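Below: input-v5.txt (compact mmCIF, C-alpha atoms and all ligand atoms)
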```txt
# COMPACT_ATOMS: atom_id res chain seq x y z
CA MET A 126 0.00 0.00 0.00
CA ALA A 127 2.83 2.34 1.00
CA PHE A 128 4.50 1.56 -2.34
CA PHE A 129 1.44 2.60 -4.35
CA THR A 130 1.06 5.76 -2.29
CA ALA A 131 4.76 6.59 -2.93
CA MET A 132 4.24 5.94 -6.66
CA ALA A 133 1.24 8.24 -6.77
CA ILE A 134 3.14 11.00 -4.97
CA ALA A 135 6.20 10.62 -7.22
CA PHE A 136 4.25 10.49 -10.50
CA ASP A 137 3.55 14.17 -10.94
CA PRO A 138 7.09 15.40 -10.12
CA LEU A 139 8.52 12.77 -12.50
CA ARG A 140 6.18 13.88 -15.26
CA ARG A 141 7.22 17.48 -14.74
CA LEU A 142 10.88 16.45 -14.73
CA ALA A 143 10.40 14.71 -18.09
CA LYS A 144 8.80 17.90 -19.46
CA ILE A 145 11.71 20.01 -18.20
CA PHE A 146 14.11 17.60 -19.88
CA GLY A 147 12.27 18.12 -23.19
CA THR A 148 12.47 21.91 -22.85
CA TRP A 149 16.16 21.61 -21.93
CA GLN A 150 16.84 19.58 -25.09
CA THR A 151 15.11 22.17 -27.27
CA ALA A 152 17.04 25.00 -25.57
CA ALA A 153 20.31 23.09 -26.06
CA ALA A 154 19.64 22.73 -29.78
CA ALA A 155 18.82 26.45 -30.04
CA ILE A 156 22.01 27.43 -28.17
CA GLU A 157 24.03 25.25 -30.52
CA ARG A 158 22.56 26.98 -33.55
CA LEU A 159 23.25 30.40 -32.01
CA LEU A 160 26.85 29.43 -31.33
CA ASP A 161 27.23 28.39 -34.96
CA VAL A 162 26.20 31.90 -35.96
CA PHE A 163 28.45 33.60 -33.35
CA ASP A 164 31.45 31.48 -34.35
CA THR A 165 31.12 32.24 -38.07
CA LYS A 166 34.12 34.30 -39.19
CA PRO A 167 33.08 37.11 -41.57
CA THR A 168 34.54 36.56 -45.02
CA LEU A 169 33.71 40.06 -46.28
CA LEU A 170 35.73 42.64 -44.44
CA SER A 171 35.70 46.44 -44.56
CA PRO A 172 38.91 48.08 -45.91
CA GLN A 173 41.53 49.50 -43.50
CA SER A 174 41.36 53.05 -44.91
CA PRO A 175 37.92 53.35 -46.48
CA ALA A 176 36.89 55.78 -49.23
CA PRO A 177 34.19 58.35 -48.46
CA ALA A 178 30.67 57.28 -49.40
CA PRO A 179 28.76 59.31 -52.02
CA THR A 180 26.32 61.76 -50.51
CA THR A 181 23.95 62.07 -53.46
CA ALA A 182 22.34 59.49 -55.78
CA PRO A 183 25.39 57.93 -57.47
CA GLU A 184 25.93 56.41 -60.91
CA ILE A 185 26.23 52.63 -60.44
CA THR A 186 28.43 50.65 -62.83
CA PHE A 187 28.83 46.89 -63.02
CA ASN A 188 32.16 46.25 -64.78
CA ASP A 189 32.59 42.76 -66.22
CA VAL A 190 31.20 41.08 -63.09
CA SER A 191 31.49 37.28 -62.99
CA LEU A 192 30.22 35.14 -60.15
CA SER A 193 29.68 31.46 -59.43
CA TYR A 194 27.85 29.95 -56.46
CA GLY A 195 30.12 26.99 -55.84
CA ASP A 196 30.28 25.19 -59.18
CA LEU A 197 27.26 27.03 -60.57
CA PRO A 198 28.26 29.94 -62.81
CA VAL A 199 25.62 32.67 -62.50
CA LEU A 200 27.08 35.95 -63.82
CA HIS A 201 29.36 36.00 -66.85
CA GLY A 202 31.00 39.39 -67.37
CA THR A 203 27.89 41.44 -66.59
CA THR A 204 28.45 45.06 -67.62
CA PHE A 205 26.02 47.98 -67.50
CA THR A 206 25.59 51.42 -65.98
CA ALA A 207 22.63 52.73 -64.02
CA GLN A 208 22.58 56.52 -64.42
CA ALA A 209 22.59 58.71 -61.32
CA GLY A 210 19.10 59.54 -60.06
CA GLN A 211 17.38 57.49 -62.77
CA THR A 212 15.45 54.22 -62.86
CA THR A 213 17.09 51.22 -64.53
CA ALA A 214 15.05 48.05 -64.92
CA LEU A 215 16.48 44.53 -65.08
CA VAL A 216 14.47 41.96 -66.98
CA GLY A 217 15.16 38.38 -67.98
CA ALA A 218 14.06 34.83 -67.36
CA SER A 219 13.97 33.30 -63.89
CA GLY A 220 17.52 32.36 -62.84
CA ALA A 221 19.16 34.89 -65.19
CA GLY A 222 21.02 36.39 -62.21
CA LYS A 223 19.01 39.56 -61.57
CA SER A 224 18.67 39.24 -57.78
CA THR A 225 22.29 38.12 -57.61
CA LEU A 226 23.28 41.55 -59.01
CA PHE A 227 21.53 43.15 -56.00
CA ASN A 228 23.44 40.83 -53.67
CA VAL A 229 26.70 41.82 -55.37
CA LEU A 230 25.86 45.52 -55.03
CA THR A 231 25.14 45.20 -51.30
CA ARG A 232 28.17 42.89 -50.87
CA LEU A 233 26.15 39.96 -49.59
CA VAL A 234 28.18 37.96 -52.10
CA GLU A 235 31.57 38.74 -53.61
CA PRO A 236 32.10 38.28 -57.36
CA GLN A 237 35.14 36.27 -58.45
CA ASP A 238 35.88 38.83 -61.18
CA GLY A 239 35.02 42.40 -62.09
CA SER A 240 33.93 45.30 -59.92
CA VAL A 241 30.98 47.49 -59.04
CA THR A 242 31.55 51.23 -58.70
CA LEU A 243 29.54 54.13 -57.33
CA ASN A 244 30.56 57.32 -59.18
CA GLY A 245 33.73 55.45 -60.12
CA THR A 246 34.56 54.38 -56.52
CA PRO A 247 34.71 50.58 -56.14
CA ILE A 248 32.19 49.44 -53.53
CA ASN A 249 34.81 47.32 -51.76
CA THR A 250 36.74 50.48 -50.85
CA LEU A 251 33.77 51.66 -48.72
CA THR A 252 33.02 50.25 -45.29
CA LEU A 253 30.19 47.72 -45.30
CA THR A 254 28.25 49.98 -42.94
CA ASP A 255 28.60 53.00 -45.25
CA LEU A 256 27.72 50.94 -48.32
CA ARG A 257 24.60 49.41 -46.80
CA ALA A 258 23.51 52.76 -45.37
CA LEU A 259 23.28 53.97 -49.00
CA VAL A 260 20.78 51.29 -50.03
CA SER A 261 17.11 50.50 -49.30
CA THR A 262 15.53 47.35 -50.67
CA VAL A 263 11.84 46.63 -51.20
CA SER A 264 11.15 43.07 -52.24
CA GLN A 265 8.23 40.72 -52.63
CA ASP A 266 8.50 39.37 -49.09
CA ALA A 267 8.83 42.46 -46.95
CA ALA A 268 10.33 41.43 -43.59
CA LEU A 269 7.90 42.61 -40.92
CA PHE A 270 8.25 42.09 -37.18
CA ASP A 271 5.59 41.01 -34.71
CA GLU A 272 5.31 44.57 -33.41
CA THR A 273 3.05 47.56 -34.03
CA LEU A 274 2.95 49.20 -37.46
CA ARG A 275 4.62 52.26 -35.93
CA GLU A 276 7.57 50.19 -34.73
CA ASN A 277 7.76 48.38 -38.06
CA ILE A 278 7.94 51.65 -39.95
CA LEU A 279 10.20 53.65 -37.63
CA LEU A 280 12.55 50.74 -36.78
CA GLY A 281 13.77 52.49 -33.64
CA ARG A 282 14.26 55.87 -35.34
CA GLU A 283 13.60 58.73 -32.93
CA GLY A 284 12.97 62.44 -33.15
CA LEU A 285 10.69 62.44 -36.20
CA SER A 286 7.90 64.99 -36.12
CA ASP A 287 4.34 63.79 -36.37
CA ASP A 288 3.95 65.77 -39.60
CA ALA A 289 6.93 63.97 -41.19
CA ILE A 290 5.49 60.58 -40.20
CA GLN A 291 2.03 61.49 -41.53
CA ALA A 292 3.50 62.71 -44.84
CA THR A 293 5.42 59.43 -45.24
CA LEU A 294 2.32 57.36 -44.47
CA LYS A 295 0.45 59.29 -47.13
CA ASP A 296 3.20 58.97 -49.77
CA ALA A 297 3.54 55.23 -49.13
CA HIS A 298 -0.29 54.82 -49.29
CA VAL A 299 -0.21 53.38 -45.77
CA ALA A 300 -2.61 56.11 -44.62
CA ASP A 301 -5.26 54.63 -46.98
CA PHE A 302 -5.60 51.40 -45.02
CA LEU A 303 -4.68 52.81 -41.62
CA GLU A 304 -8.09 54.53 -41.43
CA ASN A 305 -9.79 51.12 -41.38
CA LEU A 306 -7.68 49.77 -38.52
CA PRO A 307 -9.24 50.62 -35.12
CA GLU A 308 -5.84 51.12 -33.50
CA GLY A 309 -4.26 52.86 -36.49
CA LEU A 310 -0.49 53.01 -36.34
CA GLU A 311 -0.54 51.13 -33.01
CA SER A 312 -2.16 48.03 -34.61
CA ALA A 313 -0.17 44.83 -34.33
CA ALA A 314 1.38 43.61 -37.59
CA GLY A 315 1.22 39.98 -36.36
CA PRO A 316 3.89 37.31 -36.78
CA ARG A 317 5.83 38.16 -39.99
CA GLY A 318 3.19 40.81 -40.71
CA SER A 319 0.42 38.19 -41.04
CA ASN A 320 -2.30 40.64 -39.93
CA LEU A 321 -1.75 42.57 -43.17
CA SER A 322 -2.33 41.72 -46.81
CA GLY A 323 0.63 41.34 -49.20
CA GLY A 324 0.02 44.80 -50.66
CA GLN A 325 -0.26 46.37 -47.20
CA ARG A 326 2.99 44.76 -46.10
CA GLN A 327 4.71 46.17 -49.14
CA ARG A 328 3.36 49.63 -48.45
CA VAL A 329 4.78 49.39 -44.90
CA ALA A 330 8.14 48.44 -46.45
CA ILE A 331 7.89 51.44 -48.80
CA ALA A 332 7.15 53.76 -45.83
CA ARG A 333 10.28 52.39 -44.15
CA ALA A 334 12.34 53.01 -47.24
CA LEU A 335 10.95 56.56 -47.58
CA LEU A 336 12.04 57.31 -44.01
CA ARG A 337 15.49 55.79 -44.59
CA ASP A 338 15.80 58.19 -47.52
CA THR A 339 18.82 56.46 -49.09
CA PRO A 340 20.34 57.56 -52.42
CA ILE A 341 20.07 54.02 -53.87
CA LEU A 342 16.87 52.03 -54.09
CA LEU A 343 16.57 48.36 -55.06
CA LEU A 344 13.14 46.97 -55.94
CA ASP A 345 13.02 43.22 -56.43
CA GLU A 346 9.67 42.23 -57.94
CA ALA A 347 8.02 44.55 -55.47
CA THR A 348 4.57 44.33 -57.08
CA SER A 349 4.51 40.80 -58.46
CA ALA A 350 2.29 39.24 -55.78
CA LEU A 351 -0.46 41.84 -56.03
CA ASP A 352 -3.81 42.07 -57.74
CA THR A 353 -4.22 44.80 -60.36
CA LYS A 354 -5.78 47.34 -57.98
CA SER A 355 -3.14 46.91 -55.24
CA GLU A 356 -0.44 46.88 -57.89
CA ALA A 357 -1.55 50.30 -59.14
CA ILE A 358 -1.51 51.71 -55.58
CA VAL A 359 1.87 50.19 -54.70
CA GLN A 360 3.28 51.27 -58.06
CA SER A 361 2.29 54.87 -57.41
CA ALA A 362 3.96 54.66 -53.95
CA LEU A 363 7.08 53.19 -55.57
CA ASP A 364 7.19 55.92 -58.22
CA ARG A 365 7.13 58.48 -55.42
CA LEU A 366 9.88 56.57 -53.57
CA ALA A 367 12.12 56.35 -56.65
CA GLU A 368 12.15 60.11 -57.25
CA GLY A 369 15.69 61.49 -57.07
CA ARG A 370 17.30 58.13 -56.26
CA THR A 371 19.35 55.78 -58.39
CA THR A 372 16.84 52.97 -58.64
CA LEU A 373 17.34 49.43 -59.90
CA VAL A 374 14.09 47.57 -60.41
CA ILE A 375 13.55 43.90 -61.20
CA ALA A 376 10.13 43.11 -62.58
CA HIS A 377 8.65 40.12 -64.33
CA ARG A 378 5.53 42.06 -65.24
CA LEU A 379 6.82 44.31 -67.97
CA SER A 380 3.84 46.63 -67.45
CA THR A 381 5.55 48.03 -64.34
CA ILE A 382 8.83 49.03 -65.96
CA GLN A 383 7.86 50.50 -69.31
CA ASN A 384 8.62 54.00 -68.07
CA ALA A 385 12.08 53.14 -66.73
CA HIS A 386 14.83 55.39 -68.13
CA LYS A 387 16.69 52.29 -69.22
CA ILE A 388 15.87 48.58 -69.43
CA VAL A 389 18.74 46.08 -69.18
CA VAL A 390 17.90 42.66 -70.63
CA MET A 391 19.67 39.70 -69.04
CA ASP A 392 19.99 36.16 -70.26
CA LYS A 393 21.93 33.45 -68.42
CA GLY A 394 24.09 35.89 -66.45
CA LYS A 395 24.89 38.21 -69.38
CA VAL A 396 23.51 41.55 -70.49
CA VAL A 397 22.16 40.85 -73.97
CA ASP A 398 20.54 44.20 -74.71
CA GLU A 399 19.74 47.55 -73.17
CA GLY A 400 17.70 50.60 -74.07
CA SER A 401 14.30 52.19 -73.61
CA HIS A 402 11.08 50.17 -73.91
CA THR A 403 10.45 51.56 -77.41
CA ASP A 404 14.04 50.94 -78.59
CA LEU A 405 14.01 47.35 -77.34
CA LEU A 406 10.62 46.58 -78.87
CA ALA A 407 11.79 48.01 -82.20
CA ARG A 408 14.95 45.88 -82.11
CA GLY A 409 12.85 42.69 -81.84
CA GLY A 410 15.22 40.80 -79.52
CA LEU A 411 14.64 38.91 -76.26
CA TYR A 412 12.75 41.86 -74.72
CA ALA A 413 10.30 41.94 -77.63
CA ASP A 414 9.80 38.17 -77.20
CA LEU A 415 9.12 38.57 -73.47
CA TYR A 416 6.75 41.44 -74.22
CA ARG A 417 4.83 39.39 -76.79
CA LEU A 418 4.43 36.62 -74.20
CA GLN A 419 2.78 39.04 -71.78
CA PHE A 420 0.86 41.40 -74.04
CA ARG A 421 -1.35 41.38 -77.11
CA ASP A 422 -2.39 44.73 -78.59
CA GLY A 423 -1.07 46.44 -75.45
CA LYS A 424 -3.20 44.24 -73.14
CA GLN A 425 -1.67 42.04 -70.42
CA LEU A 426 -2.13 38.35 -71.21
CA VAL A 427 -0.39 36.20 -68.63
CA ASP A 428 0.41 36.62 -65.01
CA HIS A 429 3.79 35.57 -63.73
CA GLU A 430 2.98 35.65 -60.04
CA ASN A 431 2.80 31.93 -59.42
CA ARG A 432 6.35 31.06 -60.27
CA PRO A 433 7.83 28.22 -58.18
CA LYS A 434 9.81 29.23 -55.16
CA ARG A 435 13.41 28.07 -55.12
CA ALA A 436 14.17 25.38 -52.55
CA LEU A 437 16.39 26.63 -49.80
CA THR A 438 19.64 24.83 -49.27
CA ALA A 439 19.40 23.16 -45.86
CA ALA A 440 22.34 23.57 -43.53
CA LYS A 441 24.21 20.34 -43.08
CA SER A 442 23.58 19.35 -39.46
CA GLN A 443 26.34 16.73 -39.50
CA ASP A 444 28.90 19.53 -39.97
CA ARG A 445 28.04 20.89 -36.55
CA PRO A 446 30.33 20.06 -33.65
CA GLN A 447 28.42 17.77 -31.28
CA SER A 448 29.02 19.29 -27.90
CA TRP A 449 27.70 22.81 -27.37
CA LEU A 450 28.34 23.07 -23.60
CA PRO A 451 32.16 23.36 -23.77
CA ARG A 452 31.75 25.91 -26.58
CA LEU A 453 29.38 28.00 -24.44
CA PHE A 454 31.81 27.99 -21.50
CA LYS A 455 34.70 28.86 -23.79
CA ARG A 456 32.74 31.83 -25.12
CA TRP A 457 31.95 33.07 -21.58
CA GLN A 458 35.62 32.76 -20.63
CA ARG A 459 36.75 34.96 -23.52
CA PRO A 460 37.88 38.42 -22.36
N1 LIG A 501 22.58 31.70 -52.39
C1 LIG A 501 22.63 30.94 -53.47
N2 LIG A 501 23.31 29.78 -53.45
C2 LIG A 501 23.39 29.01 -54.56
N3 LIG A 501 22.79 29.29 -55.74
C3 LIG A 501 22.09 30.43 -55.81
C4 LIG A 501 21.97 31.31 -54.69
N4 LIG A 501 21.21 32.36 -55.06
C5 LIG A 501 20.88 32.15 -56.35
N5 LIG A 501 21.40 31.00 -56.80
C6 LIG A 501 21.29 30.47 -58.18
O1 LIG A 501 21.80 31.45 -59.05
C7 LIG A 501 21.01 31.55 -60.22
C8 LIG A 501 20.55 32.98 -60.39
O2 LIG A 501 19.69 33.32 -59.33
P1 LIG A 501 19.01 34.73 -59.16
O3 LIG A 501 18.24 34.70 -57.90
O4 LIG A 501 20.02 35.80 -59.31
O5 LIG A 501 18.05 34.74 -60.43
P2 LIG A 501 16.92 35.78 -60.83
O6 LIG A 501 17.25 36.28 -62.19
O7 LIG A 501 16.73 36.79 -59.76
O8 LIG A 501 15.65 34.82 -60.93
P3 LIG A 501 14.11 35.11 -60.52
O9 LIG A 501 13.56 35.92 -61.64
O10 LIG A 501 13.52 33.76 -60.44
O11 LIG A 501 14.10 35.83 -59.20
C9 LIG A 501 19.90 30.54 -60.07
O12 LIG A 501 20.25 29.40 -60.80
C10 LIG A 501 19.85 30.26 -58.60
O13 LIG A 501 19.43 28.96 -58.35
MG MG A 502 15.20 37.17 -58.37
```
Would you mind writing the file's structure down as structure tokens?
Amino acid sequence: MAFFTAMAIAFDPLRRLAKIFGTWQTAAAAIERLLDVFDTKPTLLSPQSPAPAPTTAPEITFNDVSLSYGDLPVLHGTTFTAQAGQTTALVGASGAGKSTLFNVLTRLVEPQDGSVTLNGTPINTLTLTDLRALVSTVSQDAALFDETLRENILLGREGLSDDAIQATLKDAHVADFLENLPEGLESAAGPRGSNLSGGQRQRVAIARALLRDTPILLLDEATSALDTKSEAIVQSALDRLAEGRTTLVIAHRLSTIQNAHKIVVMDKGKVVDEGSHTDLLARGGLYADLYRLQFRDGKQLVDHENRPKRALTAAKSQDRPQSWLPRLFKRWQRP
């Protein structure tokens, strides 16, 4: 009898102990992943005596840029110039290397050959901080935090007048949907911005970029996931955002880039043509082919929004050192 009583008393603490063990295992795995990140040595370093960063919208030149991801060649001597303060569009089939050019410009990846210059200054002579402070990016999946819209837009920026914030909300067409939210700017965006529609998330990202007010703007398929009405609204916000900046825009829907100052046509990592919409159509090359696929008599025919997402390369877990505890202690012991 005493045995059964002891069992009954011990059961609940044992069950809780097992639960704690589970939580402990999860925490251990998370710590290990964090340590992997902390222990990663940066491969891209800022120069010892950096060049001054441009203060106005610069001319951006890609000079003979070649890049491979491992064994996969992606850019083959890409050369073109985006004029200062103008909009240059990049078009080409999926996988042509358009987004990779943005990654090269922001030095997320380093080309094996060639260089990128801003007003003639190679980007690798600037500090990474200066370089990235020059650039704002608006892409299809705007990264929103599980915070209020105000926090998502200001990102910790202080000292902005209410008038400046209101003007930005209006220019980014955020004000349009804010009226319908009971808590306005204090509404929660939800995990990864899930309380908002795709178009609303993008308008929040545009408001952010307007406040950052950088001389370079990168738009990567910023309107491709939207219906026609939202696209028109976001497009008008983007046009406002692009004013006075050197803007590079990637778009699959050619309707959104017809007014670009210059269109650069890419095919398999090479620039195969460049010019205005009218020039390129008249020349009858790849751009004219792409245009014919999307339009008939000036009317949009197909929608390119449901293109397959690229599979992410999973990190190899077997490469990870097994024991995280000694690593954690070692890190604490460092001066
Ligand atoms: N981080 C990476 N690691 C390995 N390969 C990559 C990586 N990023 C892109 N690639 C590969 O490089 C090629 C060019 O990719 P990129 O994203 O530049 O194309 P894209 O022109 O932007 O295409 P899309 O129009 O589909 O966005 C593709 O074959 C892609 O699979
Ligand atoms: Mg891309």
(message) Restricting the calculation to all atoms listed in the file: of A:Pro175, A:Pro167, A:Gly220, A:Gly210, which residue gets closest to ligand MG 502 (chain A)?
(response)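 With all atoms listed in the file as the atom set, the closest residue is A:Gly220.
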(request) Find the residues near A:Ile375: any atom within 6 Å, counting all atoms listed in the file, skip ones fewer than 3 places away on the same chain, and give them as a list in words. (result)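 Contacts, in chain order: Ala214, Leu215, Asp345 and Glu346 of chain A.
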(message) One number please: atom CA of A:Ala330 to atom CA of A:Arg317, in Å, one decimal.
(response)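 Between atom CA of A:Ala330 and atom CA of A:Arg317 the gap is 12.4 Å.
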(request) Give me, please, the distance in Å between atom CA of A:Ala413 and atom CA of A:Phe205, quoted to one decimal. (result)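 Atom CA of A:Ala413 sits 19.7 Å away from atom CA of A:Phe205.
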(request) Rank nothing, just name the residue among A:Thr262, A:Thr225, A:Thr130, A:Gln291 nearest to ligand MG 502 (chain A), using only C-alpha atoms and all ligand atoms. (result)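 Between A:Thr262, A:Thr225, A:Thr130, A:Gln291, the residue approaching ligand MG 502 (chain A) most closely is A:Thr225.
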Would you mind listing, for every residue of chain A within 8 Å of ligand LIG 501 (chain A), the two atoms forming the shortest contact and the distance between them in Å to one decimal, using only C-alpha atoms and all ligand atoms, sorted by chain and ascending residue number, as CSV?
```
residue,atom,partner,partner_atom,distance
A:Ser193,CA,A:LIG501,O1,7.9
A:Tyr194,CA,A:LIG501,C2,4.9
A:Gly195,CA,A:LIG501,C2,7.1
A:Leu197,CA,A:LIG501,N3,7.0
A:Pro198,CA,A:LIG501,O1,7.6
A:Val199,CA,A:LIG501,C7,5.3
A:Leu200,CA,A:LIG501,C8,8.0
A:Val216,CA,A:LIG501,O6,7.9
A:Gly217,CA,A:LIG501,O6,6.5
A:Ala218,CA,A:LIG501,O9,5.8
A:Ser219,CA,A:LIG501,O9,3.5
A:Gly220,CA,A:LIG501,O5,3.4
A:Ala221,CA,A:LIG501,O6,3.8
A:Gly222,CA,A:LIG501,O4,3.1
A:Lys223,CA,A:LIG501,O6,3.8
A:Ser224,CA,A:LIG501,O7,3.7
A:Thr225,CA,A:LIG501,O4,3.7
A:Leu226,CA,A:LIG501,O4,6.6
A:Asp345,CA,A:LIG501,O11,8.0
A:Glu346,CA,A:LIG501,O11,7.9
A:Ile375,CA,A:LIG501,O7,7.9
A:His377,CA,A:LIG501,O9,7.0
A:Gly394,CA,A:LIG501,C8,7.6
A:Arg432,CA,A:LIG501,O10,7.7
A:Lys434,CA,A:LIG501,O10,7.9
A:Arg435,CA,A:LIG501,O13,6.9
A:Thr438,CA,A:LIG501,N2,7.4
```
(request) Kindly indicate which residue among A:Ala313, A:Ala347, A:Ala334, A:Ile358 lies nearest to ligand MG 502 (chain A), using only C-alpha atoms and all ligand atoms for the distances. (result)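 Among the listed residues, the smallest separation from ligand MG 502 (chain A) belongs to A:Ala347.
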(message) Just to confirm, what's the straight-line distance from atom CA of A:Val299 to atom CA of A:Ser312 in Å (one decimal)?
(response)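 Separation between atom CA of A:Val299 and atom CA of A:Ser312: 12.5 Å.
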Since the input is missing atoms, can you rebuild N, CA and C atoms for stretch 347-370 of chain A and write them as a PDB file, keeping the file's coordinate frame?
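After the write, result.pdb holds the following:
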```pdb
ATOM      1  N   ALA A 347       8.785  44.020 -56.593  1.00  0.00           N
ATOM      2  CA  ALA A 347       8.020  44.550 -55.470  1.00  0.00           C
ATOM      3  C   ALA A 347       6.514  44.504 -55.681  1.00  0.00           C
ATOM      4  N   THR A 348       6.035  44.345 -56.896  1.00  0.00           N
ATOM      5  CA  THR A 348       4.570  44.330 -57.080  1.00  0.00           C
ATOM      6  C   THR A 348       4.057  43.007 -57.637  1.00  0.00           C
ATOM      7  N   SER A 349       4.916  41.988 -57.708  1.00  0.00           N
ATOM      8  CA  SER A 349       4.510  40.800 -58.460  1.00  0.00           C
ATOM      9  C   SER A 349       3.445  39.945 -57.786  1.00  0.00           C
ATOM     10  N   ALA A 350       3.270  40.101 -56.457  1.00  0.00           N
ATOM     11  CA  ALA A 350       2.290  39.240 -55.780  1.00  0.00           C
ATOM     12  C   ALA A 350       0.942  39.938 -55.601  1.00  0.00           C
ATOM     13  N   LEU A 351       0.735  41.035 -56.314  1.00  0.00           N
ATOM     14  CA  LEU A 351      -0.460  41.840 -56.030  1.00  0.00           C
ATOM     15  C   LEU A 351      -1.510  41.750 -57.124  1.00  0.00           C
ATOM     16  N   ASP A 352      -2.770  41.992 -56.716  1.00  0.00           N
ATOM     17  CA  ASP A 352      -3.810  42.070 -57.740  1.00  0.00           C
ATOM     18  C   ASP A 352      -3.681  43.434 -58.432  1.00  0.00           C
ATOM     19  N   THR A 353      -4.415  43.609 -59.516  1.00  0.00           N
ATOM     20  CA  THR A 353      -4.220  44.800 -60.360  1.00  0.00           C
ATOM     21  C   THR A 353      -4.431  46.093 -59.584  1.00  0.00           C
ATOM     22  N   LYS A 354      -5.477  46.093 -58.687  1.00  0.00           N
ATOM     23  CA  LYS A 354      -5.780  47.340 -57.980  1.00  0.00           C
ATOM     24  C   LYS A 354      -4.650  47.672 -56.994  1.00  0.00           C
ATOM     25  N   SER A 355      -4.233  46.668 -56.196  1.00  0.00           N
ATOM     26  CA  SER A 355      -3.140  46.910 -55.240  1.00  0.00           C
ATOM     27  C   SER A 355      -1.873  47.267 -55.985  1.00  0.00           C
ATOM     28  N   GLU A 356      -1.667  46.623 -57.130  1.00  0.00           N
ATOM     29  CA  GLU A 356      -0.440  46.880 -57.890  1.00  0.00           C
ATOM     30  C   GLU A 356      -0.382  48.361 -58.281  1.00  0.00           C
ATOM     31  N   ALA A 357      -1.534  48.896 -58.725  1.00  0.00           N
ATOM     32  CA  ALA A 357      -1.550  50.300 -59.140  1.00  0.00           C
ATOM     33  C   ALA A 357      -1.222  51.208 -57.950  1.00  0.00           C
ATOM     34  N   ILE A 358      -1.767  50.868 -56.763  1.00  0.00           N
ATOM     35  CA  ILE A 358      -1.510  51.710 -55.580  1.00  0.00           C
ATOM     36  C   ILE A 358      -0.038  51.619 -55.186  1.00  0.00           C
ATOM     37  N   VAL A 359       0.474  50.368 -55.107  1.00  0.00           N
ATOM     38  CA  VAL A 359       1.870  50.190 -54.700  1.00  0.00           C
ATOM     39  C   VAL A 359       2.801  50.824 -55.736  1.00  0.00           C
ATOM     40  N   GLN A 360       2.446  50.694 -57.016  1.00  0.00           N
ATOM     41  CA  GLN A 360       3.280  51.270 -58.060  1.00  0.00           C
ATOM     42  C   GLN A 360       3.376  52.784 -57.895  1.00  0.00           C
ATOM     43  N   SER A 361       2.243  53.411 -57.546  1.00  0.00           N
ATOM     44  CA  SER A 361       2.290  54.870 -57.410  1.00  0.00           C
ATOM     45  C   SER A 361       3.147  55.238 -56.194  1.00  0.00           C
ATOM     46  N   ALA A 362       3.102  54.399 -55.119  1.00  0.00           N
ATOM     47  CA  ALA A 362       3.960  54.660 -53.950  1.00  0.00           C
ATOM     48  C   ALA A 362       5.438  54.468 -54.334  1.00  0.00           C
ATOM     49  N   LEU A 363       5.694  53.455 -55.167  1.00  0.00           N
ATOM     50  CA  LEU A 363       7.080  53.190 -55.570  1.00  0.00           C
ATOM     51  C   LEU A 363       7.620  54.309 -56.455  1.00  0.00           C
ATOM     52  N   ASP A 364       6.756  54.827 -57.345  1.00  0.00           N
ATOM     53  CA  ASP A 364       7.190  55.920 -58.220  1.00  0.00           C
ATOM     54  C   ASP A 364       7.601  57.113 -57.369  1.00  0.00           C
ATOM     55  N   ARG A 365       6.820  57.368 -56.328  1.00  0.00           N
ATOM     56  CA  ARG A 365       7.130  58.480 -55.420  1.00  0.00           C
ATOM     57  C   ARG A 365       8.471  58.219 -54.717  1.00  0.00           C
ATOM     58  N   LEU A 366       8.656  56.953 -54.294  1.00  0.00           N
ATOM     59  CA  LEU A 366       9.880  56.570 -53.570  1.00  0.00           C
ATOM     60  C   LEU A 366      11.113  56.699 -54.463  1.00  0.00           C
ATOM     61  N   ALA A 367      10.958  56.375 -55.747  1.00  0.00           N
ATOM     62  CA  ALA A 367      12.120  56.350 -56.650  1.00  0.00           C
ATOM     63  C   ALA A 367      12.616  57.738 -57.032  1.00  0.00           C
ATOM     64  N   GLU A 368      11.778  58.755 -56.819  1.00  0.00           N
ATOM     65  CA  GLU A 368      12.150  60.110 -57.250  1.00  0.00           C
ATOM     66  C   GLU A 368      13.488  60.540 -56.657  1.00  0.00           C
ATOM     67  N   GLY A 369      14.411  60.943 -57.535  1.00  0.00           N
ATOM     68  CA  GLY A 369      15.690  61.490 -57.070  1.00  0.00           C
ATOM     69  C   GLY A 369      16.690  60.454 -56.600  1.00  0.00           C
ATOM     70  N   ARG A 370      16.349  59.173 -56.679  1.00  0.00           N
ATOM     71  CA  ARG A 370      17.300  58.130 -56.260  1.00  0.00           C
ATOM     72  C   ARG A 370      17.773  57.365 -57.484  1.00  0.00           C
TER      73      ARG A 370
END
```
